[in-house]
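For reference, the structure discussed in these notes is given below.
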Amino acid sequence: MTDFARNDVLPPPLKVPGGEENLKALLASEWLLTNGIGTYASSSAAGCNTRRYHGLLVAATQPPVGRVMTLSTVMETLTIDGETYELATNEFEGAFAPCGAALLREFRNDVAATFVYRVGDAEFTKEVLLAENANAVAVRYTLRGASGTLRVRPFAALRDFHHLRLVSQPSRMTFETLDGGIGVADRSRPLPMLCLLAGRAEWRAEPQWWYGFRYRADMARGQDGYEDLYTPGSFTWEIGDGEPRQLNAALEAPTPVDFDDALARRGNRLATLAATAPADDEVTGRLAVASDAFVVRRHFPDGAASTSILAGYHWFADWGRDTFIALPGLLLTMRRFEQARSVFRTFARHVSEGMVPNRFDDYSSAAHYNSMDASLWFILAAERYMAAARKAGPDEARTAQKFWRSVLEPAAESILRAYQEGTRFGIHADADGLVCGGDYNTQLTWMDAKLGKEVMTPRHGKPVEVNALWYCAHRILAERCDEADKARHYADAAGRIGPAFVEAFWDEGFGWLADCVTDGRRDMSLRPNQLFAASLPYSPLSDGQRQAVLAVVREKLLTPRGLRTLSPEDPRYRRRYGISWESRDRAYHQGTVWAWLAGAYVEASLRAGGGSKLAVAQAKEYLDGFGEHLTEAGNGTVSEIFDGDAPHAPHGCIAQAWSVAELLRARELVAEASQ
């Protein structure tokens, strides 16, 4: 296990040579642990919570959603030979109290999140690890080079993870004694009990409210950033040299965690992922390990369960569009075919009027349908599944062919039929064969920011990437359908859609594609959406047009962290993501860089380069540049978005599924082109 933790597929240790002078960097680096059901633990490398979503146990009460912040943090006090060391770090207004980061010498985002402190001449280690598939976490402490007394004070939030706990709000926070520990509950809310077990520790009841924990990351996002937390008391152990002590926390029922067993299980899973990575290099290995965080089990109220993909941490659930953009990178490149089939089954079962759910409700699991493109991404993901299964060997190819006939083809046909005839939001095939839909009040594409009633990036009508996917979907069905009449029908439709696409979107004067066509008017905003017409496996464009699209995207939109959503030459371009809610929404797709678009860029580059050694080398060099980011924000993973202007500071989710997925898929494309 120790060897795996240091074999370069996990982030390198963060050395802390000074202490407080390095605090800012430690606070900016965040770690994340997940366990396959939506439950997570996360904080900063300083051990200080900097946002409302940070906590040692954020439990999924309706996996993978219904998430509740239960155990927010713990404060450790270690006494050795009369000398007392405060090891926790918490920020309050104007001060850190205490500031244990001054004693921190190393943080490791290993199999467990690991903090190593120097206490006098001794070393003190704190490890955090989630139990697999359970709402439980363990915190293990080990002192080496001395013996002493360790006191641990837990702080409970017991709230929806989107909200903040304030003492001014109605509550009845209480605790009760359990065998080997205590239970903490808010009797005013219908939430399960937080159960804390501490083995041989001495329990001292001392219920208190601590006021004004400050969350700097929330405040930097223009949100409220102060919280009050309840602590029922403290556990105290005598801790000998090399003798571990462990605090367990779980929801509903006391759950002891076998730390070594959980460590071995997680380590083996991550080692398997690293070994399955689509390329044999450090960055790809780290992305492969990062991919595991997003793959979860979804439980429906009727008892059904399936694999799903969380869109991002800390606050997103499983979204249809994100799922099918991310599925090829997260599951197919990692040869997780059975889980891919499970995802397809779930969404195929919920196709309604030709629409794949854009999301399932965080609380009721009800399906929501408000996406124009999610259904078409489903068809593209299905094609990529078939191609990946064929490469995996004859057995997997046979399984995939049966799955295509029983699940994928019927779903794909129902989607194309409904879009042709008309479905929700006015989505339908126009007279020219192109698909259109929505109005000025809707946001049906991935550029979906809306502030109140104002759509930030209006794209109703005929969006360019939706119609590139529409054309591609018909070509896929034409190739995949066994029945000759069906195949001919889709081929004929593609034959009409292709020329109509070029007629509607290509502008010879500009030398690029319109972003959207609304009531016959072209929106010539220079955006990355046109790139999909050059990157998808079937394109309506000529080679020259594809080259032109790639060239203008490379010149105006490409950054080291992905593609800008709008050209810097456009007067609406936003250089920075912003602080207030309004400024963030206005910048979200008006220049902000998205990492997931790097996948389409690399794919288009390789297609345009014809697999030449130069094109492959350039694509690999570009992707290698993301290695630096893997220790920049979410330690070991890839952020959702970045500022449009250099130095392209990361923002949004610290771990985004399609960011990790598309970089993995792109690295597989490069590896295959190199052979």
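Letters for chains follow the order of the structure tokens (A, B, ...), residue numbers begin at 1 for each chain, and ligand numbers begin at 1 in the order shown.
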How close does region 430-525 of chain A get to region 593-610 of chain A? List, as CSV, each residue of region 430-525 of chain A within 12 Å, its nearest atom pair and the distance in Å to one decimal, counting only C-alpha atoms.
residue,atom,partner,partner_atom,distance
A:Trp446,CA,A:Trp594,CA,11.4
A:Met447,CA,A:Trp594,CA,11.1
A:Glu465,CA,A:Ala600,CA,11.4
Store the residues of this selection in a file with N, CA and C atoms, as an mmCIF file, in the first residue's frame.
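Final output, out_11.cif:
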data_model
loop_
_atom_site.group_PDB
_atom_site.id
_atom_site.type_symbol
_atom_site.label_atom_id
_atom_site.label_comp_id
_atom_site.auth_asym_id
_atom_site.auth_seq_id
_atom_site.Cartn_x
_atom_site.Cartn_y
_atom_site.Cartn_z
ATOM 1 N N TRP A 446 -25.608 23.359 -23.653
ATOM 2 C CA TRP A 446 -24.696 23.327 -22.510
ATOM 3 C C TRP A 446 -24.349 24.733 -22.034
ATOM 4 N N MET A 447 -24.505 25.736 -22.889
ATOM 5 C CA MET A 447 -24.323 27.127 -22.470
ATOM 6 C C MET A 447 -25.638 27.600 -21.863
ATOM 7 N N GLU A 465 -23.576 23.029 -32.588
ATOM 8 C CA GLU A 465 -23.124 21.711 -32.130
ATOM 9 C C GLU A 465 -24.283 20.723 -32.067
#
Discussion item. Could you check the closest approach to Arg216 (chain A) for each of A:Arg574, A:Asn467, A:Asp448, A:Leu27 and tell me which residue wins, using only C-alpha atoms?
Written reply: A:Leu27
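You can rank A:Leu469, A:Ala59, A:Leu270, A:Leu380 by their closest distance to Asp292 (chain A) using only C-alpha atoms, and at the top of that list sits A:Leu270.
Distance annotation: of A:Arg286, A:Leu26, A:Ala671, A:Ala484, the residue with the minimal separation from Glu628 (chain A) is A:Arg286; atom set is only C-alpha atoms.
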Discussion item. Using Å and a single decimal, report how far CA of Gly652 (chain A) sits from CA of His629 (chain A).
Written reply: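 Atom-to-atom, CA of His629 (chain A) and CA of Gly652 (chain A) are spaced 14.1 Å apart.
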Practice prompt. List every residue of region 340-450 of chain A that DSSP, applied to the backbone of this structure, places in strand (DSSP E), and write the result as a list of chain:residue names.
Written response: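 Across region 340-450 of chain A, those assigned strand (DSSP E) are A:Arg359, A:Phe360, A:Ala367, A:His368, A:His428, A:Ala429, A:Val435, A:Cys436, A:Lys450.
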Worksheet item: Skipping near chain neighbours, those fewer than 2 positions away, what residues fall within 10 Å of Glu83 (chain A) using only C-alpha atoms, listed as a list in words?
Response: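 Using only C-alpha atoms, the neighbours found are Leu78, Thr79, Ile80, Asp81, Tyr85, Val119, Gly120 and Gly148 of chain A.
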